[in-house]
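Engineer: Sharing work.tsv below, TSV, C-alpha atoms and all ligand atoms:
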```tsv
chain	number	residue	atom	x	y	z
A	2	MET	CA	80.04	-55.86	-83.23
A	3	ARG	CA	77.34	-54.52	-85.58
A	4	ILE	CA	75.73	-51.25	-84.61
A	5	CYS	CA	72.42	-49.72	-85.64
A	6	PHE	CA	72.48	-45.97	-84.88
A	7	VAL	CA	69.15	-44.11	-84.72
A	8	GLY	CA	68.94	-40.30	-84.57
A	9	LEU	CA	71.42	-38.30	-86.68
A	10	GLY	CA	70.96	-34.80	-85.25
A	11	THR	CA	73.35	-32.42	-83.48
A	12	MET	CA	74.73	-35.20	-81.28
A	13	GLY	CA	73.93	-38.40	-83.16
A	14	LEU	CA	75.67	-37.52	-86.42
A	15	PRO	CA	79.12	-36.80	-84.93
A	16	MET	CA	78.77	-39.87	-82.67
A	17	ALA	CA	77.90	-42.16	-85.59
A	18	SER	CA	80.74	-40.66	-87.68
A	19	ARG	CA	83.20	-41.27	-84.88
A	20	LEU	CA	82.12	-44.91	-84.53
A	21	LEU	CA	82.63	-45.40	-88.28
A	22	ASP	CA	86.08	-43.79	-88.04
A	23	ALA	CA	86.90	-46.14	-85.16
A	24	GLY	CA	86.19	-49.10	-87.46
A	25	PHE	CA	82.79	-50.27	-86.19
A	26	SER	CA	80.36	-51.81	-88.66
A	27	LEU	CA	77.47	-49.34	-88.51
A	28	ALA	CA	74.12	-48.80	-90.21
A	29	ALA	CA	72.13	-45.66	-89.38
A	30	TRP	CA	68.68	-44.16	-89.74
A	31	ASP	CA	66.79	-40.95	-88.92
A	32	VAL	CA	63.11	-40.22	-89.39
A	33	LEU	CA	64.15	-37.08	-91.30
A	34	ASP	CA	65.49	-37.99	-94.75
A	35	SER	CA	67.93	-35.08	-94.80
A	36	ALA	CA	69.53	-35.93	-91.44
A	37	GLY	CA	72.90	-37.60	-91.96
A	38	ALA	CA	72.08	-38.06	-95.65
A	39	ALA	CA	75.79	-38.28	-96.59
A	40	LEU	CA	76.76	-40.68	-93.78
A	41	PRO	CA	78.14	-43.97	-95.11
A	42	GLY	CA	75.85	-46.70	-93.79
A	43	ARG	CA	72.74	-44.51	-93.87
A	44	ARG	CA	69.68	-46.72	-94.59
A	45	ASP	CA	66.18	-45.85	-95.83
A	46	THR	CA	64.29	-47.61	-93.04
A	47	LEU	CA	64.80	-48.39	-89.38
A	48	GLU	CA	64.26	-52.09	-90.03
A	49	GLU	CA	67.01	-52.18	-92.67
A	50	ALA	CA	69.40	-50.38	-90.35
A	51	ALA	CA	68.65	-52.79	-87.49
A	52	GLU	CA	69.01	-56.00	-89.53
A	53	GLY	CA	71.71	-58.14	-87.86
A	54	ALA	CA	72.59	-55.47	-85.28
A	55	ASP	CA	74.14	-56.48	-81.94
A	56	VAL	CA	73.58	-53.01	-80.46
A	57	VAL	CA	70.85	-50.46	-81.28
A	58	VAL	CA	71.96	-46.97	-80.22
A	59	THR	CA	69.29	-44.26	-79.88
A	60	MET	CA	70.15	-40.53	-79.71
A	61	LEU	CA	66.69	-38.93	-79.82
A	62	PRO	CA	64.92	-35.90	-78.34
A	63	GLU	CA	62.38	-37.46	-75.93
A	64	GLY	CA	61.27	-40.72	-74.31
A	65	THR	CA	58.32	-41.05	-76.72
A	66	HIS	CA	60.74	-41.15	-79.68
A	67	VAL	CA	62.88	-43.85	-78.06
A	68	ALA	CA	59.73	-45.87	-77.24
A	69	THR	CA	58.57	-45.59	-80.88
A	70	VAL	CA	61.84	-47.10	-82.09
A	71	HIS	CA	61.58	-49.96	-79.58
A	72	ASP	CA	57.95	-50.61	-80.60
A	73	ARG	CA	58.80	-50.70	-84.28
A	74	LEU	CA	61.67	-53.11	-83.78
A	75	ARG	CA	59.58	-55.36	-81.53
A	76	ASP	CA	56.93	-55.54	-84.26
A	77	SER	CA	59.47	-56.10	-87.05
A	78	GLY	CA	59.88	-59.80	-86.26
A	79	GLN	CA	63.67	-59.49	-86.04
A	80	ASP	CA	64.59	-61.77	-83.18
A	81	ARG	CA	68.41	-61.55	-83.03
A	82	ARG	CA	69.39	-60.81	-79.43
A	83	ARG	CA	70.56	-57.21	-79.10
A	84	VAL	CA	71.42	-54.57	-76.53
A	85	TYR	CA	69.45	-51.33	-76.70
A	86	LEU	CA	71.81	-48.50	-75.76
A	87	ASP	CA	69.96	-45.24	-75.19
A	88	SER	CA	72.17	-42.13	-75.02
A	89	SER	CA	69.27	-39.67	-75.29
A	90	THR	CA	68.35	-37.65	-72.22
A	91	ILE	CA	64.91	-38.95	-71.21
A	92	ASP	CA	62.90	-39.62	-68.05
A	93	VAL	CA	63.80	-42.33	-65.56
A	94	ALA	CA	60.31	-43.92	-65.60
A	95	THR	CA	60.27	-44.47	-69.40
A	96	THR	CA	63.81	-45.82	-69.22
A	97	ARG	CA	62.88	-48.40	-66.60
A	98	ARG	CA	59.77	-49.42	-68.55
A	99	LEU	CA	61.73	-49.87	-71.81
A	100	ALA	CA	64.45	-51.82	-69.98
A	101	ALA	CA	61.86	-54.20	-68.48
A	102	ARG	CA	60.18	-54.75	-71.85
A	103	ALA	CA	63.52	-55.37	-73.55
A	104	ALA	CA	64.38	-57.95	-70.89
A	105	GLU	CA	61.02	-59.73	-71.38
A	106	ALA	CA	61.88	-60.12	-75.07
A	107	GLY	CA	65.37	-61.43	-74.22
A	108	HIS	CA	67.24	-58.24	-75.13
A	109	GLY	CA	69.60	-56.12	-73.03
A	110	PHE	CA	69.22	-52.45	-72.17
A	111	VAL	CA	71.74	-49.82	-71.07
A	112	ASP	CA	70.98	-46.15	-70.51
A	113	ALA	CA	74.01	-43.94	-71.10
A	114	PRO	CA	73.07	-40.26	-71.41
A	115	VAL	CA	75.96	-37.91	-72.09
A	116	SER	CA	77.51	-34.63	-71.14
A	117	GLY	CA	79.94	-32.84	-73.43
A	118	GLY	CA	77.94	-31.49	-76.36
A	119	ALA	CA	78.58	-31.83	-80.09
A	120	GLU	CA	82.25	-30.85	-79.69
A	121	GLY	CA	82.72	-33.69	-77.20
A	122	ALA	CA	80.90	-36.11	-79.50
A	123	ALA	CA	83.16	-35.29	-82.45
A	124	ALA	CA	86.35	-35.49	-80.37
A	125	GLY	CA	85.50	-38.68	-78.43
A	126	GLY	CA	85.40	-36.65	-75.22
A	127	LEU	CA	81.87	-37.37	-73.97
A	128	SER	CA	81.13	-38.27	-70.36
A	129	PHE	CA	78.69	-41.18	-70.06
A	130	MET	CA	76.40	-41.67	-67.06
A	131	VAL	CA	75.54	-45.35	-67.23
A	132	GLY	CA	72.77	-47.59	-65.91
A	133	GLY	CA	72.39	-51.30	-66.64
A	134	SER	CA	73.57	-54.74	-65.57
A	135	ALA	CA	77.33	-55.26	-65.40
A	136	ALA	CA	77.15	-57.87	-68.19
A	137	GLU	CA	75.25	-55.61	-70.61
A	138	VAL	CA	77.47	-52.63	-69.84
A	139	ALA	CA	80.53	-54.79	-70.55
A	140	ARG	CA	79.08	-55.69	-73.98
A	141	VAL	CA	78.73	-52.04	-75.03
A	142	ARG	CA	81.88	-50.75	-73.32
A	143	PRO	CA	84.08	-50.80	-76.49
A	144	LEU	CA	81.56	-48.53	-78.16
A	145	LEU	CA	81.37	-46.18	-75.14
A	146	GLU	CA	85.17	-46.05	-75.02
A	147	ALA	CA	85.32	-44.99	-78.67
A	148	LEU	CA	83.01	-42.06	-77.91
A	149	GLY	CA	83.86	-40.99	-74.41
A	150	SER	CA	86.70	-40.18	-72.06
A	151	ARG	CA	84.69	-40.83	-68.86
A	152	ILE	CA	82.34	-43.76	-68.32
A	153	MET	CA	80.72	-43.82	-64.90
A	154	GLN	CA	78.24	-46.54	-63.95
A	155	PHE	CA	75.65	-45.70	-61.31
A	156	GLY	CA	73.54	-48.87	-61.02
A	157	GLU	CA	70.81	-50.74	-62.86
A	158	ALA	CA	68.79	-49.38	-65.81
A	159	GLY	CA	67.55	-45.84	-65.13
A	160	ALA	CA	70.48	-44.95	-62.87
A	161	GLY	CA	72.32	-43.21	-65.72
A	162	GLN	CA	69.31	-40.97	-66.43
A	163	ALA	CA	68.96	-40.30	-62.69
A	164	ALA	CA	72.60	-39.13	-62.54
A	165	LYS	CA	72.13	-36.96	-65.63
A	166	ALA	CA	69.02	-35.29	-64.14
A	167	CYS	CA	70.89	-34.46	-60.91
A	168	HIS	CA	73.98	-33.27	-62.82
A	169	ASN	CA	72.02	-30.94	-65.08
A	170	MET	CA	70.00	-29.61	-62.15
A	171	ILE	CA	73.31	-28.35	-60.71
A	172	CYS	CA	74.13	-26.74	-64.08
A	173	GLY	CA	70.74	-24.98	-64.32
A	174	ILE	CA	70.83	-23.67	-60.75
A	175	THR	CA	74.45	-22.56	-61.17
A	176	ALA	CA	73.63	-20.74	-64.42
A	177	LEU	CA	70.97	-18.69	-62.62
A	178	GLY	CA	73.37	-17.87	-59.78
A	179	VAL	CA	76.19	-16.81	-62.11
A	180	SER	CA	73.78	-14.71	-64.23
A	181	GLU	CA	72.32	-13.00	-61.19
A	182	ALA	CA	75.78	-12.16	-59.82
A	183	PHE	CA	76.90	-10.67	-63.16
A	184	ALA	CA	73.69	-8.61	-63.33
A	185	LEU	CA	74.41	-7.24	-59.85
A	186	ALA	CA	78.08	-6.63	-60.72
A	187	ASP	CA	76.93	-4.62	-63.76
A	188	ALA	CA	74.44	-2.65	-61.66
A	189	LEU	CA	77.20	-1.85	-59.15
A	190	GLY	CA	79.48	-0.64	-61.93
A	191	LEU	CA	82.12	-3.39	-61.61
A	192	ASP	CA	84.43	-4.09	-64.54
A	193	ARG	CA	83.17	-7.37	-66.07
A	194	GLN	CA	86.56	-8.70	-67.06
A	195	HIS	CA	87.99	-8.03	-63.62
A	196	PHE	CA	85.00	-9.63	-61.90
A	197	PHE	CA	85.24	-12.69	-64.18
A	198	GLU	CA	88.95	-13.09	-63.36
A	199	LEU	CA	88.21	-12.82	-59.64
A	200	CYS	CA	85.54	-15.52	-59.78
A	201	ALA	CA	87.54	-17.81	-62.11
A	202	GLY	CA	90.38	-17.92	-59.58
A	203	ALA	CA	88.37	-17.94	-56.38
A	204	ALA	CA	85.67	-19.92	-54.61
A	205	ALA	CA	82.97	-18.91	-57.12
A	206	GLN	CA	84.62	-20.69	-60.04
A	207	SER	CA	82.72	-23.39	-61.93
A	208	TRP	CA	82.53	-24.95	-65.42
A	209	ILE	CA	79.44	-22.83	-66.06
A	210	LEU	CA	81.27	-19.61	-65.14
A	211	GLN	CA	84.35	-20.40	-67.20
A	212	ASN	CA	82.73	-21.91	-70.28
A	213	ARG	CA	79.32	-20.22	-70.30
A	214	CYS	CA	80.14	-16.82	-68.79
A	215	PRO	CA	76.79	-15.06	-69.44
A	216	VAL	CA	78.09	-11.61	-70.45
A	217	PRO	CA	79.87	-10.84	-73.73
A	218	GLY	CA	83.61	-10.27	-73.50
A	219	PRO	CA	85.40	-12.07	-70.68
A	220	ALA	CA	85.28	-15.54	-72.32
A	221	PRO	CA	85.75	-14.98	-76.10
A	222	ASP	CA	84.71	-18.53	-77.08
A	223	ALA	CA	81.60	-18.58	-74.88
A	224	PRO	CA	78.16	-18.30	-76.53
A	225	ALA	CA	77.61	-14.89	-74.84
A	226	SER	CA	80.52	-13.49	-76.88
A	227	ASN	CA	78.99	-14.98	-80.05
A	228	ASP	CA	75.38	-13.71	-80.06
A	229	TYR	CA	74.40	-16.51	-77.63
A	230	ARG	CA	74.62	-19.16	-80.36
A	231	PRO	CA	74.47	-22.56	-78.60
A	232	GLY	CA	76.32	-24.29	-77.00
A	233	PHE	CA	73.51	-25.98	-75.23
A	234	ALA	CA	70.14	-24.57	-76.25
A	235	ALA	CA	67.89	-23.14	-73.52
A	236	ARG	CA	65.04	-25.46	-74.64
A	237	LEU	CA	67.27	-28.48	-73.86
A	238	MET	CA	68.21	-27.03	-70.48
A	239	ALA	CA	64.49	-26.51	-69.78
A	240	LYS	CA	63.76	-30.11	-70.79
A	241	ASP	CA	66.50	-31.52	-68.54
A	242	LEU	CA	65.32	-29.43	-65.58
A	243	ARG	CA	61.75	-30.67	-66.09
A	244	LEU	CA	63.05	-34.25	-66.13
A	245	ALA	CA	64.83	-33.54	-62.83
A	246	GLN	CA	61.53	-32.26	-61.41
A	247	GLU	CA	59.71	-35.42	-62.55
A	248	ALA	CA	62.39	-37.48	-60.81
A	249	ALA	CA	62.11	-35.31	-57.67
A	250	ARG	CA	58.32	-35.76	-57.53
A	251	ALA	CA	58.58	-39.52	-58.10
A	252	SER	CA	61.15	-39.89	-55.31
A	253	GLY	CA	59.47	-37.47	-52.88
A	254	GLN	CA	62.58	-35.27	-52.59
A	255	GLU	CA	61.93	-31.53	-52.44
A	256	THR	CA	64.20	-29.50	-54.76
A	257	PRO	CA	63.02	-25.89	-54.52
A	258	PHE	CA	66.01	-24.36	-56.33
A	259	GLY	CA	65.72	-26.98	-59.07
A	260	ALA	CA	61.99	-26.20	-59.34
A	261	GLU	CA	62.72	-22.49	-59.73
A	262	ALA	CA	65.39	-23.19	-62.36
A	263	ALA	CA	62.92	-25.40	-64.29
A	264	ARG	CA	60.28	-22.66	-64.14
A	265	ARG	CA	62.65	-19.92	-65.27
A	266	PHE	CA	64.21	-21.83	-68.17
A	267	THR	CA	60.85	-23.19	-69.37
A	268	ALA	CA	59.37	-19.66	-69.40
A	269	PHE	CA	62.48	-18.32	-71.15
A	270	ALA	CA	62.30	-21.03	-73.84
A	271	GLU	CA	58.56	-20.54	-74.36
A	272	ALA	CA	58.98	-16.76	-74.65
A	273	GLY	CA	61.22	-17.25	-77.71
A	274	GLY	CA	64.67	-17.87	-76.17
A	275	GLY	CA	64.62	-21.64	-76.70
A	276	ASP	CA	67.17	-21.77	-79.50
A	277	LEU	CA	69.63	-19.42	-77.79
A	278	ASP	CA	72.32	-20.76	-75.49
A	279	PHE	CA	70.98	-21.15	-71.95
A	280	SER	CA	73.38	-18.44	-70.72
A	281	ALA	CA	71.18	-15.89	-72.54
A	282	ILE	CA	68.86	-16.06	-69.52
A	283	TYR	CA	71.27	-13.48	-68.05
A	284	ARG	CA	69.60	-10.77	-70.17
A	285	GLU	CA	66.19	-11.53	-68.69
A	286	ILE	CA	67.55	-11.49	-65.15
A	287	ARG	CA	69.38	-8.20	-65.83
A	288	ASP	CA	66.18	-6.63	-67.20
A	289	GLY	CA	64.17	-7.69	-64.20
A	290	SER	CA	61.73	-10.10	-65.83
A	291	ASP	CA	60.86	-13.02	-63.54
A	292	GLY	CA	60.30	-15.29	-66.53
A	293	GLY	CA	56.72	-15.95	-65.56
B	301	LIG	P1	68.48	-33.06	-82.37
B	301	LIG	O1	67.10	-32.53	-82.32
B	301	LIG	O2	69.56	-32.25	-83.02
B	301	LIG	O3	68.48	-34.49	-83.13
B	301	LIG	C1	67.52	-35.49	-82.90
B	301	LIG	C2	67.36	-36.30	-84.18
B	301	LIG	O4	66.42	-37.34	-83.93
B	301	LIG	C3	66.80	-35.48	-85.35
B	301	LIG	O5	67.63	-35.65	-86.50
B	301	LIG	C4	65.42	-36.06	-85.58
B	301	LIG	O6	65.01	-36.05	-86.95
B	301	LIG	C5	65.60	-37.48	-85.07
B	301	LIG	N1	64.37	-38.16	-84.67
B	301	LIG	C6	63.32	-37.65	-83.95
B	301	LIG	N2	62.41	-38.62	-83.72
B	301	LIG	C7	62.88	-39.74	-84.31
B	301	LIG	C8	62.39	-41.07	-84.40
B	301	LIG	N3	61.24	-41.45	-83.83
B	301	LIG	N4	63.12	-41.98	-85.08
B	301	LIG	C9	64.30	-41.62	-85.66
B	301	LIG	N5	64.83	-40.38	-85.61
B	301	LIG	C10	64.12	-39.45	-84.93
B	301	LIG	O7	68.87	-33.43	-80.87
B	301	LIG	P2	70.34	-33.54	-80.25
B	301	LIG	O8	70.82	-32.19	-79.84
B	301	LIG	O9	71.18	-34.42	-81.12
B	301	LIG	O10	70.00	-34.30	-78.88
B	301	LIG	C11	69.69	-35.68	-78.84
B	301	LIG	C12	69.58	-36.09	-77.39
B	301	LIG	O11	70.82	-35.84	-76.72
B	301	LIG	C13	68.51	-35.30	-76.61
B	301	LIG	O12	67.86	-36.18	-75.73
B	301	LIG	C14	69.33	-34.24	-75.88
B	301	LIG	O13	68.69	-33.80	-74.69
B	301	LIG	C15	70.61	-34.98	-75.59
B	301	LIG	N6	71.80	-34.15	-75.43
B	301	LIG	C16	72.04	-33.10	-76.29
B	301	LIG	C17	73.20	-32.31	-76.10
B	301	LIG	C18	73.49	-31.15	-77.02
B	301	LIG	O14	74.43	-30.38	-76.71
B	301	LIG	N7	72.80	-30.98	-78.14
B	301	LIG	C19	74.08	-32.60	-75.05
B	301	LIG	C20	73.83	-33.68	-74.21
B	301	LIG	C21	72.69	-34.45	-74.41
```
Transcribe the structure of this file into structure tokens.
Structural biologist:
Amino acid sequence: MRICFVGLGTMGLPMASRLLDAGFSLAAWDVLDSAGAALPGRRDTLEEAAEGADVVVTMLPEGTHVATVHDRLRDSGQDRRRVYLDSSTIDVATTRRLAARAAEAGHGFVDAPVSGGAEGAAAGGLSFMVGGSAAEVARVRPLLEALGSRIMQFGEAGAGQAAKACHNMICGITALGVSEAFALADALGLDRQHFFELCAGAAAQSWILQNRCPVPGPAPDAPASNDYRPGFAARLMAKDLRLAQEAARASGQETPFGAEAARRFTAFAEAGGGDLDFSAIYREIRDGSDGG
């Protein structure tokens, strides 16, 4: 299987490196010349990287970037049948549109956004939320298995992005709840370490609490104990929560807590917190700013 990998940023570079280590034949490209410059298989143009590819993987910031790559490859005249595998986190509507256009041109499409961060990408421990036909998913499965420890299919194209939006909405809402509780615990004079241990072993425990505890100290490896270096940047959390809101509007489902989380994280990112870990929103809650 020949792979073209597009987008060599925080996530894409360790994913492409891991595929090379696993023995896949891989050519890669990024619009930024410096991104992944030392990666074996790095090409100067998208068209060169895609020549002869069976699978084109995209790991890009937004839907517009993924669409640009599809447009360029459609116009390139390369007609070898391929599967487009998009692991970026983008909106459901763009995903469905790109899948339909790929099908019209005789190509396959699978959306497989991820959870697990750069550490997970490097270690092959990503979780994939997958949408696409069973046949197309089967074609890309060896690649997903090289990168991930959990591969969960939810339905046709777009279903993976839908699952990701719902999953990250839980994370955003939970982060606000955990931050608010720690702010109150501080205000009431509780010992942070003691309160953390209570929650970690009781009904309030969650991945967010244990891995992204928002106050410095109780979890030494968490971003809060390391100047809030991400982790998962607040601007990405804000983006994912906005995507969840787009999906909620399109489906007619009211999600008031998700809407509030989107508002708070967007305001936090726009006020200068975007490159901090999302758990830094604790400081704003503690200081009484409503983020608006
Ligand atoms: P990033 O900004 O670090 O990297 C994106 C890369 O894409 C950059 O190198 C950029 O130059 C390149 N790029 C932009 N437009 C391009 C184009 N048109 N053609 C080719 N290359 C282009 O982003 P990231 O953190 O790697 O995230 C990528 C995707 O994965 C996003 O959709 C993000 O939401 C999602 N994601 C990120 C994380 C995380 O922890 N960082 C976790 C899960 C999912």
Engineer: Using only C-alpha atoms and all ligand atoms for the distances, tell me which of A:Ala262, A:Ile174, A:Val58, A:Leu237 is nearest to ligand LIG 301 (chain B).
Structural biologist: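 Smallest separation from ligand LIG 301 (chain B) among the options: A:Leu237.
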Engineer: Produce a table with one row for each residue of chain A that has an atom at most 9 Å from any atom of ligand LIG 301 (chain B), each row naming the nearest atom pair and its distance in Å at one decimal; use all atoms listed in the file; arrange rows by chain and rising residue number; format as JSON lines.
Structural biologist:
```
{"residue": "A:Val7", "atom": "CA", "partner": "B:LIG301", "partner_atom": "C9", "distance": 5.5}
{"residue": "A:Gly8", "atom": "CA", "partner": "B:LIG301", "partner_atom": "O4", "distance": 3.9}
{"residue": "A:Leu9", "atom": "CA", "partner": "B:LIG301", "partner_atom": "O5", "distance": 4.6}
{"residue": "A:Gly10", "atom": "CA", "partner": "B:LIG301", "partner_atom": "O3", "distance": 3.3}
{"residue": "A:Thr11", "atom": "CA", "partner": "B:LIG301", "partner_atom": "O9", "distance": 3.8}
{"residue": "A:Met12", "atom": "CA", "partner": "B:LIG301", "partner_atom": "O9", "distance": 3.6}
{"residue": "A:Gly13", "atom": "CA", "partner": "B:LIG301", "partner_atom": "O9", "distance": 5.3}
{"residue": "A:Leu14", "atom": "CA", "partner": "B:LIG301", "partner_atom": "O9", "distance": 7.6}
{"residue": "A:Trp30", "atom": "CA", "partner": "B:LIG301", "partner_atom": "C9", "distance": 6.5}
{"residue": "A:Asp31", "atom": "CA", "partner": "B:LIG301", "partner_atom": "N5", "distance": 3.9}
{"residue": "A:Val32", "atom": "CA", "partner": "B:LIG301", "partner_atom": "N5", "distance": 4.2}
{"residue": "A:Leu33", "atom": "CA", "partner": "B:LIG301", "partner_atom": "O6", "distance": 4.6}
{"residue": "A:Asp34", "atom": "CA", "partner": "B:LIG301", "partner_atom": "O6", "distance": 8.1}
{"residue": "A:Ser35", "atom": "CA", "partner": "B:LIG301", "partner_atom": "O5", "distance": 8.3}
{"residue": "A:Ala36", "atom": "CA", "partner": "B:LIG301", "partner_atom": "O5", "distance": 5.3}
{"residue": "A:Gly37", "atom": "CA", "partner": "B:LIG301", "partner_atom": "O5", "distance": 7.8}
{"residue": "A:Leu47", "atom": "CA", "partner": "B:LIG301", "partner_atom": "C9", "distance": 7.7}
{"residue": "A:Thr59", "atom": "CA", "partner": "B:LIG301", "partner_atom": "C9", "distance": 8.1}
{"residue": "A:Met60", "atom": "CA", "partner": "B:LIG301", "partner_atom": "C11", "distance": 4.9}
{"residue": "A:Leu61", "atom": "CA", "partner": "B:LIG301", "partner_atom": "O4", "distance": 4.4}
{"residue": "A:Pro62", "atom": "CA", "partner": "B:LIG301", "partner_atom": "O12", "distance": 3.9}
{"residue": "A:Glu63", "atom": "CA", "partner": "B:LIG301", "partner_atom": "O12", "distance": 5.6}
{"residue": "A:Gly64", "atom": "CA", "partner": "B:LIG301", "partner_atom": "O12", "distance": 8.1}
{"residue": "A:Thr65", "atom": "CA", "partner": "B:LIG301", "partner_atom": "N3", "distance": 7.7}
{"residue": "A:His66", "atom": "CA", "partner": "B:LIG301", "partner_atom": "N3", "distance": 4.2}
{"residue": "A:Val67", "atom": "CA", "partner": "B:LIG301", "partner_atom": "N3", "distance": 6.5}
{"residue": "A:Ala68", "atom": "CA", "partner": "B:LIG301", "partner_atom": "N3", "distance": 8.1}
{"residue": "A:Thr69", "atom": "CA", "partner": "B:LIG301", "partner_atom": "N3", "distance": 5.7}
{"residue": "A:Val70", "atom": "CA", "partner": "B:LIG301", "partner_atom": "N3", "distance": 5.9}
{"residue": "A:Ser88", "atom": "CA", "partner": "B:LIG301", "partner_atom": "O11", "distance": 6.7}
{"residue": "A:Ser89", "atom": "CA", "partner": "B:LIG301", "partner_atom": "O12", "distance": 3.8}
{"residue": "A:Thr90", "atom": "CA", "partner": "B:LIG301", "partner_atom": "O12", "distance": 3.8}
{"residue": "A:Ile91", "atom": "CA", "partner": "B:LIG301", "partner_atom": "O12", "distance": 6.1}
{"residue": "A:Pro114", "atom": "CA", "partner": "B:LIG301", "partner_atom": "C21", "distance": 6.5}
{"residue": "A:Val115", "atom": "CA", "partner": "B:LIG301", "partner_atom": "C20", "distance": 5.2}
{"residue": "A:Ser116", "atom": "CA", "partner": "B:LIG301", "partner_atom": "C20", "distance": 4.9}
{"residue": "A:Gly117", "atom": "CA", "partner": "B:LIG301", "partner_atom": "C19", "distance": 6.1}
{"residue": "A:Gly118", "atom": "CA", "partner": "B:LIG301", "partner_atom": "O14", "distance": 3.7}
{"residue": "A:Ala119", "atom": "CA", "partner": "B:LIG301", "partner_atom": "O14", "distance": 5.5}
{"residue": "A:Glu120", "atom": "CA", "partner": "B:LIG301", "partner_atom": "O14", "distance": 8.4}
{"residue": "A:Gly121", "atom": "CA", "partner": "B:LIG301", "partner_atom": "O14", "distance": 8.9}
{"residue": "A:Ala122", "atom": "CA", "partner": "B:LIG301", "partner_atom": "C19", "distance": 8.9}
{"residue": "A:Leu127", "atom": "CA", "partner": "B:LIG301", "partner_atom": "C20", "distance": 8.8}
{"residue": "A:Pro231", "atom": "CA", "partner": "B:LIG301", "partner_atom": "O14", "distance": 8.0}
{"residue": "A:Gly232", "atom": "CA", "partner": "B:LIG301", "partner_atom": "O14", "distance": 6.4}
{"residue": "A:Phe233", "atom": "CA", "partner": "B:LIG301", "partner_atom": "O14", "distance": 4.7}
{"residue": "A:Ala234", "atom": "CA", "partner": "B:LIG301", "partner_atom": "N7", "distance": 7.2}
{"residue": "A:Leu237", "atom": "CA", "partner": "B:LIG301", "partner_atom": "O13", "distance": 5.6}
{"residue": "A:Met238", "atom": "CA", "partner": "B:LIG301", "partner_atom": "O13", "distance": 8.0}
{"residue": "A:Lys240", "atom": "CA", "partner": "B:LIG301", "partner_atom": "O13", "distance": 7.3}
{"residue": "A:Asp241", "atom": "CA", "partner": "B:LIG301", "partner_atom": "O13", "distance": 6.9}
```
Engineer: Would you export the selected residues with C-alpha atoms as a compact mmCIF listing (two decimals), keeping the file's coordinate frame, please?
Structural biologist:
```txt
# COMPACT_ATOMS: atom_id res chain seq x y z
CA VAL A 7 69.15 -44.11 -84.72
CA GLY A 8 68.94 -40.30 -84.57
CA LEU A 9 71.42 -38.30 -86.68
CA GLY A 10 70.96 -34.80 -85.25
CA THR A 11 73.35 -32.42 -83.48
CA MET A 12 74.73 -35.20 -81.28
CA GLY A 13 73.93 -38.40 -83.16
CA LEU A 14 75.67 -37.52 -86.42
CA TRP A 30 68.68 -44.16 -89.74
CA ASP A 31 66.79 -40.95 -88.92
CA VAL A 32 63.11 -40.22 -89.39
CA LEU A 33 64.15 -37.08 -91.30
CA ASP A 34 65.49 -37.99 -94.75
CA SER A 35 67.93 -35.08 -94.80
CA ALA A 36 69.53 -35.93 -91.44
CA GLY A 37 72.90 -37.60 -91.96
CA LEU A 47 64.80 -48.39 -89.38
CA THR A 59 69.29 -44.26 -79.88
CA MET A 60 70.15 -40.53 -79.71
CA LEU A 61 66.69 -38.93 -79.82
CA PRO A 62 64.92 -35.90 -78.34
CA GLU A 63 62.38 -37.46 -75.93
CA GLY A 64 61.27 -40.72 -74.31
CA THR A 65 58.32 -41.05 -76.72
CA HIS A 66 60.74 -41.15 -79.68
CA VAL A 67 62.88 -43.85 -78.06
CA ALA A 68 59.73 -45.87 -77.24
CA THR A 69 58.57 -45.59 -80.88
CA VAL A 70 61.84 -47.10 -82.09
CA SER A 88 72.17 -42.13 -75.02
CA SER A 89 69.27 -39.67 -75.29
CA THR A 90 68.35 -37.65 -72.22
CA ILE A 91 64.91 -38.95 -71.21
CA PRO A 114 73.07 -40.26 -71.41
CA VAL A 115 75.96 -37.91 -72.09
CA SER A 116 77.51 -34.63 -71.14
CA GLY A 117 79.94 -32.84 -73.43
CA GLY A 118 77.94 -31.49 -76.36
CA ALA A 119 78.58 -31.83 -80.09
CA GLU A 120 82.25 -30.85 -79.69
CA GLY A 121 82.72 -33.69 -77.20
CA ALA A 122 80.90 -36.11 -79.50
CA LEU A 127 81.87 -37.37 -73.97
CA PRO A 231 74.47 -22.56 -78.60
CA GLY A 232 76.32 -24.29 -77.00
CA PHE A 233 73.51 -25.98 -75.23
CA ALA A 234 70.14 -24.57 -76.25
CA LEU A 237 67.27 -28.48 -73.86
CA MET A 238 68.21 -27.03 -70.48
CA LYS A 240 63.76 -30.11 -70.79
CA ASP A 241 66.50 -31.52 -68.54
```
Engineer: I'd like the contact shell of range 142-146 of chain A - 12 Å cut-off, all atoms listed in the file, skipping same-chain residues fewer than 6 positions apart - returned as an NGL selection string.
Structural biologist: :A and (2-6 or 16-17 or 19-27 or 55-58 or 84 or 86-88 or 111-115 or 122 or 124-131 or 133 or 135-136 or 152-154)
Engineer: Hey, which of A:Tyr85, A:Phe279, A:Phe110, A:Phe269 ends up closest to Cys214 in chain A? Count all atoms listed in the file.
Structural biologist: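 Among the listed residues, the smallest separation from Cys214 in chain A belongs to A:Phe279.
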Engineer: Please determine, counting only C-alpha atoms, which residue among A:Thr46, A:Ser150, A:Gln211, A:Gln162 has the shortest atom-to-atom distance to Ala225 in chain A.
Structural biologist: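 Smallest separation from Ala225 in chain A among the options: A:Gln211.
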Engineer: Which is closer to Gly289 in chain A than all the others in A:Ala263, A:Ala101, A:Ala188, A:Leu199, using all atoms listed in the file?
Structural biologist: A:Ala188
Engineer: Can you tell me which residues surround Ala245 in chain A at a distance of at most 9 Å, considering only C-alpha atoms, apart from same-chain residues fewer than 5 positions away, and format the answer as a list of chain:residue names?
Structural biologist: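 Here the answer would be A:Asp92, A:Ala163, A:Lys165, A:Ala166, A:Cys167, A:Asn169, A:Met170, A:Lys240, A:Arg250, A:Gly259, A:Ala260, A:Ala263.
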